[in-house]
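Here's data.cif, which has mmCIF, C-alpha atoms:
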data_my_file
loop_
_atom_site.label_atom_id
_atom_site.label_comp_id
_atom_site.auth_asym_id
_atom_site.auth_seq_id
_atom_site.Cartn_x
_atom_site.Cartn_y
_atom_site.Cartn_z
CA MET A 4 19.26 -11.23 -15.12
CA ILE A 5 20.78 -11.45 -11.65
CA GLU A 6 21.86 -14.58 -9.81
CA LYS A 7 19.10 -15.77 -7.47
CA PRO A 8 20.08 -14.66 -3.97
CA LYS A 9 19.76 -16.87 -0.92
CA GLY A 10 19.38 -16.37 2.80
CA LYS A 11 20.40 -12.89 3.83
CA GLY A 12 19.75 -11.35 0.41
CA LEU A 13 16.14 -12.51 0.35
CA PHE A 14 15.60 -11.62 4.00
CA ALA A 15 16.95 -8.12 3.31
CA TRP A 16 14.43 -7.82 0.46
CA ALA A 17 11.54 -8.89 2.70
CA LEU A 18 12.76 -6.53 5.44
CA TYR A 19 11.95 -3.57 3.21
CA ASP A 20 8.28 -4.53 3.65
CA TRP A 21 8.92 -4.20 7.40
CA ALA A 22 10.35 -0.71 6.85
CA ASN A 23 7.75 0.55 4.38
CA SER A 24 4.84 -0.55 6.56
CA SER A 25 5.67 2.10 9.17
CA TYR A 26 4.27 4.79 6.87
CA PHE A 27 1.06 2.88 6.11
CA VAL A 28 0.20 2.02 9.73
CA ILE A 29 1.25 5.23 11.47
CA ILE A 30 0.56 7.91 8.87
CA GLN A 31 -2.06 6.63 6.46
CA THR A 32 -4.17 4.42 8.70
CA PHE A 33 -4.06 4.59 12.47
CA ILE A 34 -2.36 7.67 13.93
CA PHE A 35 -1.99 10.64 11.60
CA ALA A 36 -5.25 10.09 9.70
CA ALA A 37 -7.22 10.09 12.97
CA TYR A 38 -5.16 12.99 14.37
CA PHE A 39 -5.85 15.01 11.24
CA THR A 40 -9.63 14.57 11.35
CA LYS A 41 -9.96 15.14 15.10
CA ALA A 42 -7.28 17.75 15.84
CA ILE A 43 -6.53 19.65 12.62
CA ALA A 44 -9.66 19.61 10.43
CA GLU A 45 -12.72 21.76 11.20
CA ASN A 46 -14.73 18.68 12.20
CA VAL A 47 -14.67 14.91 11.71
CA GLU A 48 -17.01 14.85 8.68
CA ILE A 49 -15.15 17.58 6.77
CA GLY A 50 -11.81 16.07 7.80
CA THR A 51 -12.90 12.68 6.47
CA ALA A 52 -13.70 14.23 3.09
CA GLN A 53 -10.46 16.25 3.00
CA TRP A 54 -8.33 13.24 3.91
CA GLY A 55 -10.10 11.11 1.33
CA ASN A 56 -9.59 13.74 -1.36
CA MET A 57 -5.88 13.97 -0.60
CA ILE A 58 -5.49 10.18 -0.86
CA SER A 59 -7.43 10.29 -4.13
CA ILE A 60 -5.23 12.98 -5.69
CA ALA A 61 -2.08 11.14 -4.63
CA GLY A 62 -3.52 7.99 -6.18
CA LEU A 63 -4.07 9.73 -9.51
CA VAL A 64 -0.47 10.99 -9.54
CA ILE A 65 0.77 7.47 -8.84
CA ALA A 66 -1.53 5.99 -11.48
CA ILE A 67 -0.19 8.34 -14.16
CA GLY A 68 3.46 8.12 -13.15
CA ALA A 69 3.86 4.44 -12.31
CA PRO A 70 3.71 2.92 -15.83
CA VAL A 71 5.94 5.67 -17.21
CA PHE A 72 8.57 5.33 -14.48
CA GLY A 73 8.34 1.55 -14.76
CA ALA A 74 9.00 1.62 -18.50
CA ILE A 75 11.97 3.96 -18.00
CA ALA A 76 13.35 1.71 -15.25
CA ASP A 77 13.11 -1.31 -17.58
CA GLN A 78 15.42 0.54 -19.97
CA ALA A 79 17.82 1.68 -17.23
CA GLY A 80 18.08 -1.76 -15.66
CA ARG A 81 18.63 -0.96 -11.99
CA ARG A 82 15.77 -0.57 -9.51
CA LYS A 83 17.54 0.47 -6.31
CA PRO A 84 18.08 4.12 -7.35
CA TRP A 85 14.33 4.49 -7.83
CA ILE A 86 13.58 2.82 -4.50
CA ALA A 87 16.14 5.03 -2.74
CA ALA A 88 14.82 8.30 -4.22
CA PHE A 89 11.20 7.65 -3.27
CA THR A 90 12.15 6.27 0.13
CA VAL A 91 13.98 9.51 0.92
CA LEU A 92 10.96 11.54 -0.19
CA CYS A 93 8.65 9.63 2.15
CA VAL A 94 11.07 9.73 5.07
CA ILE A 95 11.50 13.52 4.84
CA ALA A 96 7.76 14.15 4.53
CA CYS A 97 6.97 11.94 7.52
CA GLY A 98 9.56 13.69 9.65
CA LEU A 99 8.20 17.12 8.71
CA LEU A 100 4.72 16.13 9.90
CA TRP A 101 6.03 16.89 13.40
CA TYR A 102 5.28 20.51 12.53
CA ALA A 103 1.60 19.75 11.81
CA GLU A 104 0.34 21.24 15.06
CA PRO A 105 -3.30 21.01 16.22
CA GLY A 106 -5.64 23.53 14.61
CA VAL A 107 -6.81 24.48 11.14
CA ASP A 108 -3.71 26.63 10.61
CA SER A 109 -1.80 23.39 9.90
CA LEU A 110 -4.41 22.07 7.47
CA TRP A 111 -2.68 22.62 4.13
CA PHE A 112 0.78 21.81 5.47
CA ALA A 113 -0.52 18.52 6.90
CA LEU A 114 -2.26 17.61 3.65
CA GLY A 115 0.82 18.56 1.62
CA MET A 116 3.23 16.47 3.66
CA GLY A 117 0.74 13.60 3.73
CA PHE A 118 0.55 13.78 -0.06
CA MET A 119 4.34 13.69 -0.48
CA ALA A 120 4.71 10.81 1.98
CA THR A 121 2.00 8.83 0.19
CA VAL A 122 3.56 9.32 -3.25
CA GLY A 123 7.02 8.41 -1.96
CA ALA A 124 5.93 5.26 -0.13
CA GLU A 125 3.77 3.99 -2.98
CA PHE A 126 6.31 4.57 -5.77
CA ALA A 127 9.10 2.98 -3.73
CA PHE A 128 6.95 -0.09 -3.13
CA ILE A 129 6.30 -0.51 -6.86
CA PHE A 130 9.99 -0.92 -7.69
CA TYR A 131 10.59 -3.01 -4.59
CA SER A 132 7.84 -5.45 -5.61
CA ALA A 133 9.15 -5.57 -9.19
CA MET A 134 12.37 -7.13 -7.85
CA LEU A 135 10.52 -10.29 -6.78
CA PRO A 136 10.47 -12.36 -10.00
CA ASP A 137 14.21 -11.82 -10.47
CA LEU A 138 15.00 -12.92 -6.91
CA VAL A 139 13.07 -16.19 -6.52
CA PRO A 140 12.01 -19.07 -8.85
CA ALA A 141 8.43 -19.23 -10.11
CA ASP A 142 7.41 -22.08 -7.78
CA LYS A 143 8.28 -19.96 -4.74
CA LEU A 144 6.80 -16.63 -5.78
CA GLY A 145 3.70 -17.08 -3.64
CA ARG A 146 5.49 -17.91 -0.42
CA TRP A 147 8.06 -15.09 -0.71
CA SER A 148 5.43 -12.55 -1.66
CA GLY A 149 3.37 -13.73 1.32
CA TRP A 150 6.35 -13.76 3.64
CA GLY A 151 7.22 -10.25 2.52
CA TRP A 152 3.71 -9.03 3.29
CA GLY A 153 3.89 -10.90 6.59
CA MET A 154 7.12 -9.09 7.40
CA GLY A 155 5.33 -5.86 6.57
CA TYR A 156 2.57 -6.55 9.05
CA ALA A 157 5.09 -7.64 11.66
CA GLY A 158 6.98 -4.40 11.10
CA GLY A 159 3.76 -2.42 11.37
CA LEU A 160 2.97 -4.21 14.62
CA ALA A 161 6.41 -3.53 16.05
CA CYS A 162 6.26 0.14 15.05
CA LEU A 163 2.80 0.53 16.60
CA LEU A 164 4.00 -1.08 19.83
CA VAL A 165 6.93 1.32 20.06
CA ALA A 166 4.62 4.27 19.36
CA LEU A 167 2.17 3.05 22.01
CA VAL A 168 4.69 2.34 24.78
CA ALA A 169 7.15 5.14 24.13
CA PHE A 170 4.83 8.02 23.25
CA ILE A 171 1.08 7.50 23.57
CA GLN A 172 0.70 5.69 26.91
CA THR A 173 3.41 7.72 28.64
CA ASP A 174 2.41 11.03 27.00
CA GLY A 175 6.07 11.29 26.06
CA LEU A 176 6.94 12.47 29.56
CA TRP A 177 10.34 10.80 29.41
CA LEU A 178 11.18 13.22 26.58
CA GLY A 179 9.47 16.20 28.18
CA LEU A 180 6.82 16.34 25.46
CA ASP A 181 3.80 18.61 25.79
CA ALA A 182 0.56 16.61 25.65
CA GLU A 183 -1.52 19.79 25.28
CA ALA A 184 0.24 20.49 21.97
CA ALA A 185 -0.20 16.82 20.91
CA GLU A 186 3.58 16.38 20.88
CA PRO A 187 3.44 12.70 21.97
CA VAL A 188 1.23 11.94 18.95
CA ARG A 189 3.34 14.08 16.62
CA ALA A 190 6.50 12.33 17.82
CA THR A 191 5.20 9.11 16.26
CA PHE A 192 5.60 10.77 12.87
CA ILE A 193 9.32 11.24 13.53
CA LEU A 194 9.44 7.62 14.72
CA THR A 195 7.98 6.61 11.35
CA ALA A 196 10.68 8.49 9.44
CA ILE A 197 13.49 6.93 11.48
CA TRP A 198 11.97 3.45 11.29
CA TYR A 199 11.54 3.59 7.51
CA ALA A 200 15.05 4.91 6.90
CA LEU A 201 16.79 2.47 9.25
CA PHE A 202 15.15 -0.79 8.18
CA SER A 203 15.32 -0.03 4.46
CA LEU A 204 19.13 -0.05 4.53
CA PRO A 205 19.65 -3.87 4.34
CA LEU A 206 17.92 -3.95 0.93
CA PHE A 207 20.48 -1.57 -0.51
CA PHE A 208 23.47 -3.40 0.98
CA ARG A 209 22.53 -7.09 0.81
CA THR A 210 19.97 -7.65 -1.97
CA PRO A 211 21.34 -7.84 -5.53
CA ASP A 212 19.92 -5.52 -8.17
CA ASN A 213 19.62 -5.92 -11.92
CA PRO A 214 22.75 -4.66 -13.66
CA SER A 215 22.74 -1.24 -15.26
CA LEU A 216 22.12 -1.28 -19.02
CA ASN A 217 24.53 1.66 -19.34
CA LYS A 218 22.06 3.96 -21.01
CA LYS A 219 22.11 7.69 -20.46
CA VAL A 220 19.17 9.19 -18.59
CA VAL A 221 17.78 10.88 -21.71
CA GLU A 222 18.11 7.66 -23.67
CA SER A 223 16.39 5.63 -20.94
CA VAL A 224 13.51 8.11 -20.88
CA ARG A 225 13.14 8.08 -24.65
CA PHE A 226 13.28 4.30 -24.90
CA GLY A 227 10.99 3.97 -21.87
CA PHE A 228 8.27 6.08 -23.47
CA ALA A 229 8.73 4.16 -26.72
CA GLN A 230 8.43 0.87 -24.91
CA LEU A 231 5.25 1.96 -23.16
CA ILE A 232 3.66 3.09 -26.43
CA ILE A 233 4.55 -0.21 -28.10
CA SER A 234 3.05 -2.14 -25.19
CA ILE A 235 -0.18 -0.16 -25.56
CA LYS A 236 -0.26 -0.89 -29.29
CA GLU A 237 0.32 -4.60 -28.58
CA VAL A 238 -2.23 -4.72 -25.77
CA LYS A 239 -4.05 -7.68 -27.35
CA LYS A 240 -1.04 -9.84 -26.51
CA PHE A 241 -1.63 -8.98 -22.84
CA LYS A 242 -5.37 -9.63 -22.84
CA ASN A 243 -5.28 -11.76 -19.69
CA ILE A 244 -3.13 -9.24 -17.83
CA VAL A 245 -5.57 -6.48 -18.78
CA LYS A 246 -8.47 -8.51 -17.38
CA PHE A 247 -6.57 -9.05 -14.15
CA LEU A 248 -5.63 -5.38 -13.86
CA PHE A 249 -9.23 -4.34 -14.48
CA ALA A 250 -10.49 -6.67 -11.74
CA ARG A 251 -7.79 -5.44 -9.36
CA MET A 252 -8.83 -1.83 -9.94
CA PHE A 253 -11.98 -2.59 -7.97
CA TYR A 254 -11.01 -5.06 -5.25
CA ASN A 255 -7.74 -3.29 -4.47
CA ASP A 256 -9.53 0.06 -4.30
CA ALA A 257 -11.78 -1.50 -1.66
CA VAL A 258 -8.82 -2.76 0.37
CA VAL A 259 -6.95 0.54 0.11
CA THR A 260 -10.07 2.44 1.17
CA ILE A 261 -10.46 0.20 4.21
CA PHE A 262 -6.95 1.12 5.33
CA ALA A 263 -7.13 4.77 4.32
CA MET A 264 -10.43 5.41 6.07
CA GLY A 265 -10.32 2.75 8.81
CA GLY A 266 -8.75 4.94 11.48
CA VAL A 267 -11.04 7.80 10.54
CA TYR A 268 -14.08 5.50 10.82
CA ALA A 269 -12.98 4.17 14.21
CA ALA A 270 -12.45 7.68 15.55
CA GLY A 271 -15.61 9.23 14.13
CA THR A 272 -18.22 6.46 14.53
CA PHE A 273 -16.95 4.65 17.63
CA ASP A 274 -15.23 7.64 19.26
CA MET A 275 -12.01 5.70 19.69
CA ASP A 276 -9.07 7.81 20.83
CA GLU A 277 -5.48 7.53 19.57
CA GLU A 278 -4.54 4.86 22.12
CA GLN A 279 -7.58 2.69 21.37
CA ILE A 280 -6.99 2.98 17.64
CA LEU A 281 -3.37 2.08 18.21
CA MET A 282 -4.31 -1.05 20.16
CA PHE A 283 -6.79 -2.01 17.44
CA GLY A 284 -4.09 -1.45 14.84
CA ILE A 285 -1.76 -3.77 16.71
CA GLY A 286 -4.36 -6.53 16.71
CA LEU A 287 -5.18 -5.95 13.05
CA ASN A 288 -1.52 -6.25 12.09
CA VAL A 289 -1.28 -9.54 13.99
CA THR A 290 -4.22 -11.13 12.14
CA ALA A 291 -3.20 -9.67 8.78
CA GLY A 292 0.35 -10.92 9.22
CA LEU A 293 -0.85 -14.38 10.18
CA GLY A 294 -3.11 -14.40 7.14
CA ALA A 295 -0.27 -13.36 4.81
CA PHE A 296 2.07 -16.03 6.20
CA GLY A 297 -0.62 -18.73 6.30
CA PHE A 298 -1.95 -18.19 2.78
CA ALA A 299 1.56 -17.96 1.25
CA TRP A 300 1.74 -21.75 0.81
CA LEU A 301 -1.80 -21.83 -0.61
CA ASP A 302 -0.70 -19.39 -3.31
CA ASP A 303 2.05 -21.71 -4.56
CA LYS A 304 -0.13 -24.83 -4.20
CA SER A 305 -3.55 -23.70 -5.49
CA GLY A 306 -2.62 -20.60 -7.47
CA SER A 307 -2.72 -16.85 -7.03
CA LYS A 308 -6.18 -16.49 -8.61
CA PHE A 309 -7.72 -18.95 -6.17
CA THR A 310 -6.08 -17.16 -3.26
CA ILE A 311 -7.35 -13.77 -4.44
CA ASN A 312 -10.93 -14.98 -4.87
CA ALA A 313 -10.95 -16.74 -1.52
CA SER A 314 -9.65 -13.58 0.15
CA ILE A 315 -12.34 -11.38 -1.42
CA LEU A 316 -15.04 -13.74 -0.15
CA GLY A 317 -13.37 -13.72 3.24
CA LEU A 318 -13.51 -9.91 3.38
CA LEU A 319 -17.20 -9.49 2.57
CA ILE A 320 -18.82 -10.91 5.73
CA PRO A 321 -16.71 -9.08 8.34
CA LEU A 322 -16.99 -5.86 6.35
CA VAL A 323 -20.80 -6.03 6.49
CA ALA A 324 -20.55 -6.63 10.23
CA LEU A 325 -18.23 -3.64 10.70
CA ILE A 326 -20.76 -1.39 9.02
CA VAL A 327 -23.78 -2.49 11.05
CA VAL A 328 -22.39 -3.20 14.55
CA LYS A 329 -22.75 -0.46 17.15
CA ASP A 330 -20.75 -1.90 20.02
CA VAL A 331 -17.05 -1.07 19.94
CA THR A 332 -16.12 -4.56 21.16
CA TRP A 333 -17.82 -6.21 18.18
CA PHE A 334 -16.21 -3.63 15.90
CA ILE A 335 -12.82 -4.78 17.14
CA VAL A 336 -13.68 -8.49 16.85
CA TRP A 337 -14.94 -8.24 13.27
CA GLY A 338 -12.05 -5.94 12.36
CA LEU A 339 -9.55 -8.57 13.49
CA ILE A 340 -11.34 -11.24 11.46
CA LEU A 341 -11.28 -8.98 8.40
CA GLY A 342 -7.54 -8.54 8.84
CA ILE A 343 -6.92 -12.25 8.20
CA PHE A 344 -7.91 -11.82 4.54
CA VAL A 345 -6.26 -8.45 3.86
CA GLY A 346 -2.70 -9.77 3.73
CA PRO A 347 -3.32 -12.70 1.36
CA ILE A 348 -5.20 -10.63 -1.24
CA GLN A 349 -2.32 -8.16 -1.46
CA ALA A 350 0.44 -10.78 -1.46
CA ALA A 351 -1.33 -12.96 -4.05
CA SER A 352 -1.85 -9.96 -6.34
CA ARG A 353 1.89 -9.30 -6.30
CA SER A 354 2.81 -12.93 -6.98
CA PHE A 355 0.14 -13.17 -9.71
CA MET A 356 1.64 -10.22 -11.56
CA ALA A 357 5.12 -11.67 -11.09
CA ARG A 358 3.93 -14.86 -12.79
CA LEU A 359 2.13 -13.07 -15.62
CA SER A 360 4.81 -10.46 -16.44
CA PRO A 361 7.15 -10.91 -19.44
CA PRO A 362 10.70 -10.85 -17.99
CA ASP A 363 11.83 -7.85 -20.04
CA LEU A 364 8.81 -5.74 -19.03
CA THR A 365 8.63 -6.45 -15.30
CA ASN A 366 8.93 -2.86 -14.06
CA GLN A 367 6.41 -1.63 -16.59
CA MET A 368 3.95 -4.37 -15.64
CA PHE A 369 4.30 -3.60 -11.96
CA GLY A 370 3.79 0.02 -12.89
CA LEU A 371 0.56 -1.00 -14.58
CA LEU A 372 -0.29 -3.02 -11.47
CA ALA A 373 0.07 0.18 -9.47
CA LEU A 374 -2.04 2.01 -12.06
CA SER A 375 -4.77 -0.59 -11.65
CA GLY A 376 -4.78 0.09 -7.95
CA LYS A 377 -4.70 3.86 -8.32
CA VAL A 378 -6.52 4.87 -11.49
CA THR A 379 -9.83 4.34 -9.69
CA SER A 380 -8.44 4.94 -6.20
CA PHE A 381 -10.27 8.25 -6.03
CA ILE A 382 -13.59 6.40 -6.21
CA GLY A 383 -13.42 4.61 -2.85
CA PRO A 384 -12.25 7.47 -0.61
CA PHE A 385 -14.32 9.96 -2.61
CA LEU A 386 -17.51 7.91 -2.21
CA VAL A 387 -16.83 7.36 1.48
CA GLY A 388 -16.29 11.08 2.00
CA LEU A 389 -19.22 12.12 -0.19
CA LEU A 390 -21.74 9.72 1.36
CA THR A 391 -20.51 10.53 4.86
CA VAL A 392 -21.18 14.23 4.34
CA GLN A 393 -24.40 13.62 2.38
CA PHE A 394 -26.01 11.37 5.00
CA GLY A 395 -24.17 12.65 8.06
CA SER A 396 -22.98 9.12 8.84
CA GLN A 397 -19.72 7.32 8.17
CA ARG A 398 -21.59 3.99 8.01
CA PHE A 399 -23.23 4.96 4.73
CA GLY A 400 -19.84 5.95 3.34
CA MET A 401 -18.14 2.69 4.29
CA ALA A 402 -20.91 0.67 2.60
CA ALA A 403 -19.51 1.75 -0.79
CA ILE A 404 -16.57 -0.59 -0.20
CA LEU A 405 -18.84 -3.63 -0.46
CA VAL A 406 -19.81 -2.77 -4.02
CA LEU A 407 -16.17 -2.43 -5.08
CA LEU A 408 -15.31 -5.86 -3.65
CA LEU A 409 -18.21 -7.57 -5.40
CA ILE A 410 -17.31 -6.05 -8.77
CA GLY A 411 -13.70 -7.14 -8.36
CA LEU A 412 -14.75 -10.71 -7.51
CA LEU A 413 -17.01 -11.01 -10.55
CA LEU A 414 -14.28 -9.73 -12.88
CA MET A 415 -11.68 -12.13 -11.42
CA PHE A 416 -13.76 -15.07 -12.65
CA THR A 417 -12.88 -14.01 -16.22
CA VAL A 418 -9.11 -14.10 -15.59
CA LYS A 419 -6.99 -17.11 -16.59
CA GLU A 420 -3.99 -18.14 -14.53
CA HIS A 421 -1.19 -18.45 -17.07
CA GLU A 422 1.89 -16.53 -18.10
CA ALA A 423 1.63 -13.78 -20.69
CA PRO A 424 3.68 -13.86 -23.90
CA GLY A 425 6.49 -11.38 -24.29
CA ILE A 426 6.74 -8.83 -27.05
CA GLU A 427 9.73 -7.61 -28.90
CA VAL A 428 10.37 -4.01 -27.88
CA ASN A 429 11.99 -1.97 -30.62
CA PRO A 430 11.71 1.80 -30.08
CA GLU A 431 12.65 2.39 -33.70
CA GLN A 432 9.15 1.19 -34.60
CA ILE A 433 7.84 4.57 -33.50
#

What's the structure tokens form of this structure?
Amino acid sequence: MIEKPKGKGLFAWALYDWANSSYFVIIQTFIFAAYFTKAIAENVEIGTAQWGNMISIAGLVIAIGAPVFGAIADQAGRRKPWIAAFTVLCVIACGLLWYAEPGVDSLWFALGMGFMATVGAEFAFIFYSAMLPDLVPADKLGRWSGWGWGMGYAGGLACLLVALVAFIQTDGLWLGLDAEAAEPVRATFILTAIWYALFSLPLFFRTPDNPSLNKKVVESVRFGFAQLIISIKEVKKFKNIVKFLFARMFYNDAVVTIFAMGGVYAAGTFDMDEEQILMFGIGLNVTAGLGAFGFAWLDDKSGSKFTINASILGLLIPLVALIVVKDVTWFIVWGLILGIFVGPIQAASRSFMARLSPPDLTNQMFGLLALSGKVTSFIGPFLVGLLTVQFGSQRFGMAAILVLLLIGLLLMFTVKEHEAPGIEVNPEQI
């Protein structure tokens, strides 16, 4: 175990949320996703399906790899090398999206780079989140998880503002960019790469990591696989964690689908252009950040389960409104209200897993947390894409998200809020 850091070490940890959010707001949600469907794909409906399929495939890769990598990391000890490797992957992929020029000729390149960026950002975030229970005491898990998510939304807001002021509103004229070739929009992808790389550095320099267990790579892999198999065999000892993970499969899939398809929905149904989507994204990050900060204390006081359930209920009403409203102004209003509950549900899920995880299996459990969010992640985007094409309307597609939220809420009522027992991991058992 590491000594609990204070001040700058914890702030540097939370700042990684600020860095990582640049990918999610610029690439996955507000700018590139809309640019892909409107400027690269054959049409909005086909582009919606293609984008959703790419997110689904990336989710399956993450679902399969996360528990395995987590188990290996538990045997190796250190987490920063994993975070660094996947951060670099995402940064490079985001930067290369500059070459995704308008037109169908860029289709497969754009999808390929989007896939790599998604995998890199998601895997890096798994190991980053797994650091939490080693950095703060149990009675402060909720607030630091919430503050981290709040930092993420603040970082997303700041990145969107820079993209808006420096590139979108000015058409990048100060850099001599060609608006006809969508260069001002494409420049935001380079901004994302620089932003992510720059603000991730404090984590590596100021936040302490678990010590290395001095195992060779081959040995760590072998023991990691053994550990994972033993955990599967002993799954009955993690019955409550399994219930939680099963519930999260559904409600998190709904939240991820909202973000993955939100920009596409705004562009296709309400004909919002890049600047309007960007302004909406700024407002959404403000309300989501306020929600994450505000609910952080509730998590520590009333429990992570209570916070999760309250957030799901808080998402349902504005989501129904977003599906049925036809005026763009009301779309924005209800979208901002929905944002208030997005941050808390994500932050509370992280702190809940931190509380439930056995100390010697933290990476593996956070890998399973990622699996629970990805193993069914193809369902949400796939259903949205399928129903959109089938009925010729994105509204029908987005309605699938309601069902996922309701299932997740019902399953959460079966989860108990207590710590899980540990198990003795002895690879020689295999």

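Nearest residue to A:Gly271, choosing from A:Pro70, A:Gly395, A:Gly338, A:Pro384 and counting only C-alpha atoms: A:Gly395.
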
Nearest-residue call for A:Lys83, choices A:Pro211, A:Gly12, A:Pro105, A:Pro140, using only C-alpha atoms: A:Pro211

d(atom CA of A:Phe399, atom CA of A:Asp330) in Å: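 Atom CA of A:Asp330 lies 16.9 Å from atom CA of A:Phe399.
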
Expansion of the PyMOL selection byres ((chain A and resi 345) around 8) into residues, as a ChimeraX atom specification: /A:258,291,294-295,314,318,341-344,346-349

The PyMOL selection byres ((chain A and resi 265) around 10) resolved against shown file, as a count of residues only: 21

Using the chain letters and numbers from the file, which residues does the PyMOL selection byres ((chain A and resi 195-198) around 10) grab, as a PDB file with C-alpha atoms, keeping the file's coordinate frame?
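out_10.pdb, written as the output of this step:
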ATOM      1  CA  TRP A  21       8.920  -4.200   7.400  1.00  0.00           C
ATOM      2  CA  ALA A  22      10.350  -0.710   6.850  1.00  0.00           C
ATOM      3  CA  ASN A  23       7.750   0.550   4.380  1.00  0.00           C
ATOM      4  CA  SER A  24       4.840  -0.550   6.560  1.00  0.00           C
ATOM      5  CA  SER A  25       5.670   2.100   9.170  1.00  0.00           C
ATOM      6  CA  TYR A  26       4.270   4.790   6.870  1.00  0.00           C
ATOM      7  CA  PHE A  27       1.060   2.880   6.110  1.00  0.00           C
ATOM      8  CA  VAL A  28       0.200   2.020   9.730  1.00  0.00           C
ATOM      9  CA  ILE A  29       1.250   5.230  11.470  1.00  0.00           C
ATOM     10  CA  ILE A  30       0.560   7.910   8.870  1.00  0.00           C
ATOM     11  CA  THR A  90      12.150   6.270   0.130  1.00  0.00           C
ATOM     12  CA  VAL A  91      13.980   9.510   0.920  1.00  0.00           C
ATOM     13  CA  CYS A  93       8.650   9.630   2.150  1.00  0.00           C
ATOM     14  CA  VAL A  94      11.070   9.730   5.070  1.00  0.00           C
ATOM     15  CA  ILE A  95      11.500  13.520   4.840  1.00  0.00           C
ATOM     16  CA  ALA A  96       7.760  14.150   4.530  1.00  0.00           C
ATOM     17  CA  CYS A  97       6.970  11.940   7.520  1.00  0.00           C
ATOM     18  CA  GLY A  98       9.560  13.690   9.650  1.00  0.00           C
ATOM     19  CA  LEU A  99       8.200  17.120   8.710  1.00  0.00           C
ATOM     20  CA  LEU A 100       4.720  16.130   9.900  1.00  0.00           C
ATOM     21  CA  ALA A 120       4.710  10.810   1.980  1.00  0.00           C
ATOM     22  CA  GLY A 158       6.980  -4.400  11.100  1.00  0.00           C
ATOM     23  CA  GLY A 159       3.760  -2.420  11.370  1.00  0.00           C
ATOM     24  CA  CYS A 162       6.260   0.140  15.050  1.00  0.00           C
ATOM     25  CA  LEU A 163       2.800   0.530  16.600  1.00  0.00           C
ATOM     26  CA  ALA A 166       4.620   4.270  19.360  1.00  0.00           C
ATOM     27  CA  ALA A 190       6.500  12.330  17.820  1.00  0.00           C
ATOM     28  CA  THR A 191       5.200   9.110  16.260  1.00  0.00           C
ATOM     29  CA  PHE A 192       5.600  10.770  12.870  1.00  0.00           C
ATOM     30  CA  ILE A 193       9.320  11.240  13.530  1.00  0.00           C
ATOM     31  CA  LEU A 194       9.440   7.620  14.720  1.00  0.00           C
ATOM     32  CA  TYR A 199      11.540   3.590   7.510  1.00  0.00           C
ATOM     33  CA  ALA A 200      15.050   4.910   6.900  1.00  0.00           C
ATOM     34  CA  LEU A 201      16.790   2.470   9.250  1.00  0.00           C
ATOM     35  CA  PHE A 202      15.150  -0.790   8.180  1.00  0.00           C
ATOM     36  CA  SER A 203      15.320  -0.030   4.460  1.00  0.00           C
TER      37      SER A 203
END

Residue with smallest distance to A:Trp85 - pool A:Val107, A:Val418, A:Thr51, A:Ile129, counting all atoms listed in the file: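 For A:Trp85, the nearest of the candidates is A:Ile129.
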
Between atom CA of A:Gly62 and atom CA of A:Asp108 - distance in Å to one decimal: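 Between atom CA of A:Asp108 and atom CA of A:Gly62 the gap works out to 25.1 Å.
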
Using all atoms listed in the file, find all polymer residues with an atom at most 12 Å away from the point (-20.3, -9.0, 7.8); report them as an mmCIF file with C-alpha atoms, in the frame of the given file.
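This went into part_16.cif:
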data_model
loop_
_atom_site.group_PDB
_atom_site.id
_atom_site.type_symbol
_atom_site.label_atom_id
_atom_site.label_comp_id
_atom_site.auth_asym_id
_atom_site.auth_seq_id
_atom_site.Cartn_x
_atom_site.Cartn_y
_atom_site.Cartn_z
ATOM 1 C CA LEU A 316 -15.040 -13.740 -0.150
ATOM 2 C CA GLY A 317 -13.370 -13.720 3.240
ATOM 3 C CA LEU A 318 -13.510 -9.910 3.380
ATOM 4 C CA LEU A 319 -17.200 -9.490 2.570
ATOM 5 C CA ILE A 320 -18.820 -10.910 5.730
ATOM 6 C CA PRO A 321 -16.710 -9.080 8.340
ATOM 7 C CA LEU A 322 -16.990 -5.860 6.350
ATOM 8 C CA VAL A 323 -20.800 -6.030 6.490
ATOM 9 C CA ALA A 324 -20.550 -6.630 10.230
ATOM 10 C CA LEU A 325 -18.230 -3.640 10.700
ATOM 11 C CA ILE A 326 -20.760 -1.390 9.020
ATOM 12 C CA VAL A 327 -23.780 -2.490 11.050
ATOM 13 C CA VAL A 328 -22.390 -3.200 14.550
ATOM 14 C CA TRP A 333 -17.820 -6.210 18.180
ATOM 15 C CA PHE A 334 -16.210 -3.630 15.900
ATOM 16 C CA VAL A 336 -13.680 -8.490 16.850
ATOM 17 C CA TRP A 337 -14.940 -8.240 13.270
ATOM 18 C CA GLY A 338 -12.050 -5.940 12.360
ATOM 19 C CA ILE A 340 -11.340 -11.240 11.460
ATOM 20 C CA LEU A 341 -11.280 -8.980 8.400
ATOM 21 C CA ALA A 402 -20.910 0.670 2.600
ATOM 22 C CA LEU A 405 -18.840 -3.630 -0.460
#

Nearest-residue call for A:Ser132, choices A:Gly297, A:Gly292, A:Gly411, A:Gly370, using only C-alpha atoms: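 Once distances to A:Ser132 are computed over only C-alpha atoms, the minimum belongs to A:Gly370.
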